[in-house]
Amino acid sequence: MDCIFCAFLADPAPPVHTVLRDEVALAFLDHRPLFPGHLLVVPVRHVQTLSELPVELVGPFFERVRRLTGATERAMAAKGSFVAMNNRVSQSVPHLHVHVVPRNPKDGLRGFFWPRRRYVDEVEAGRTADLLRAALAEPIE
């Protein structure tokens, strides 16, 4: 399969720490996060850019992004978040994806030259995904 994100949706899928998967979107931990809890949210339907996302999926897709953003902030005890996407330029995988990154004041991020790191091990990644799934399941006030 040419698209690694489509491979994550296939059966069987390569191992990935999934936080949400439904008929609209898949959300999983970035394997090189800016901070623990950094998610990638991709539409189930393969499209490369936002302008290619069918209009009937825009609302449902971004509702998932909205919910995941709140869950990320709660789970990671973050004061805020950075939510972004690239279209073609700087898009590392040619499948639409939204980055949801927990942020805190003075977290060290400046501009767009941000150091990435890997999780210490699969246990740390698994615990982080568990925290995010639990926060996603909480009722929104």
# chains A, B, ... in the order shown; residues from 1 in each chain; ligands from 1

call {"tool": "select_by_dssp", "arguments": {"residues": "region 12-64 of chain A", "states": "strand (DSSP E)", "output": "list in words"}}
result
Thr18, Val19, Leu20, Arg21, Ala25, Leu26, Ala27, Phe28, Leu29, Leu39, Leu40, Val41, Val42 and Pro43 of chain A

call {"tool": "residues_around", "arguments": {"residues": "Glu23 (chain A)", "least_positions_apart": "3", "cutoff": "10 Å", "atoms": "only C-alpha atoms", "output": "compact mmCIF listing (two decimals) with all heavy atoms, in the first residue's frame"}}
result
# COMPACT_ATOMS: atom_id res chain seq x y z
N LEU A 26 -9.61 8.53 11.83
CA LEU A 26 -8.69 7.74 12.65
C LEU A 26 -7.77 8.74 13.33
O LEU A 26 -7.23 9.63 12.67
CB LEU A 26 -7.87 6.79 11.77
CG LEU A 26 -6.69 6.08 12.42
CD1 LEU A 26 -7.18 5.07 13.46
CD2 LEU A 26 -5.83 5.39 11.37
N PRO A 43 -8.72 11.55 7.85
CA PRO A 43 -10.01 11.03 7.40
C PRO A 43 -9.85 9.59 6.94
O PRO A 43 -8.79 9.21 6.41
CB PRO A 43 -10.39 11.95 6.24
CG PRO A 43 -9.12 12.54 5.76
CD PRO A 43 -8.18 12.56 6.93
N VAL A 44 -10.87 8.79 7.15
CA VAL A 44 -10.85 7.40 6.70
C VAL A 44 -10.76 7.34 5.17
O VAL A 44 -10.06 6.51 4.62
CB VAL A 44 -12.10 6.66 7.22
CG1 VAL A 44 -12.26 5.30 6.56
CG2 VAL A 44 -12.01 6.51 8.74
N ARG A 45 -11.42 8.27 4.52
CA ARG A 45 -11.37 8.34 3.06
C ARG A 45 -10.04 8.98 2.65
O ARG A 45 -9.67 10.03 3.16
CB ARG A 45 -12.54 9.15 2.54
CG ARG A 45 -12.57 9.27 1.04
CD ARG A 45 -13.85 9.92 0.59
NE ARG A 45 -13.84 10.12 -0.83
CZ ARG A 45 -14.86 10.61 -1.50
NH1 ARG A 45 -15.97 10.95 -0.86
NH2 ARG A 45 -14.79 10.78 -2.80
N PRO A 60 -18.28 16.58 9.88
CA PRO A 60 -18.01 15.43 10.74
C PRO A 60 -16.52 15.24 11.07
O PRO A 60 -16.17 14.92 12.20
CB PRO A 60 -18.55 14.26 9.92
CG PRO A 60 -19.62 14.86 9.07
CD PRO A 60 -19.10 16.23 8.73
N PHE A 61 -15.66 15.47 10.09
CA PHE A 61 -14.22 15.32 10.34
C PHE A 61 -13.74 16.32 11.38
O PHE A 61 -13.08 15.96 12.36
CB PHE A 61 -13.43 15.46 9.04
CG PHE A 61 -11.94 15.31 9.24
CD1 PHE A 61 -11.39 14.07 9.52
CD2 PHE A 61 -11.11 16.41 9.15
CE1 PHE A 61 -10.02 13.93 9.72
CE2 PHE A 61 -9.74 16.28 9.34
CZ PHE A 61 -9.19 15.04 9.62

call {"tool": "residues_around", "arguments": {"residues": "Ser81 (chain A)", "least_positions_apart": "3", "cutoff": "10 Å", "atoms": "only C-alpha atoms", "output": "short mmCIF file (atom, residue, chain, number, x, y, z; two decimals) with C-alpha atoms, in the first residue's frame"}}
result
data_model
loop_
_atom_site.label_atom_id
_atom_site.label_comp_id
_atom_site.auth_asym_id
_atom_site.auth_seq_id
_atom_site.Cartn_x
_atom_site.Cartn_y
_atom_site.Cartn_z
CA HIS A 38 0.65 14.74 19.94
CA THR A 69 -8.36 18.66 20.85
CA GLY A 70 -10.34 18.99 24.09
CA THR A 72 -5.79 16.06 24.46
CA GLU A 73 -5.75 19.20 26.58
CA ALA A 78 -2.19 21.19 28.86
CA ALA A 84 -2.53 22.51 12.22
CA HIS A 99 -1.79 17.65 14.05
CA VAL A 100 -3.23 18.13 17.54
CA VAL A 101 -0.40 19.09 19.89
CA PRO A 102 -0.81 19.84 23.62
CA ARG A 103 0.82 23.16 24.57
CA ASN A 104 1.80 24.97 27.73
#

call {"tool": "closest_residue", "arguments": {"among": "A:Asp130, A:His46, A:Ser92, A:Ala27", "to": "Phe62 (chain A)", "atoms": "only C-alpha atoms"}}
result
A:Ala27

call {"tool": "closest_residue", "arguments": {"among": "A:Ala137, A:Ala7, A:Ala125, A:Val89", "to": "Gln48 (chain A)", "atoms": "only C-alpha atoms"}}
result
A:Val89

call {"tool": "atom_distance", "arguments": {"atom1": "CA of His17 (chain A)", "atom2": "CA of Leu131 (chain A)"}}
result
11.6 Å
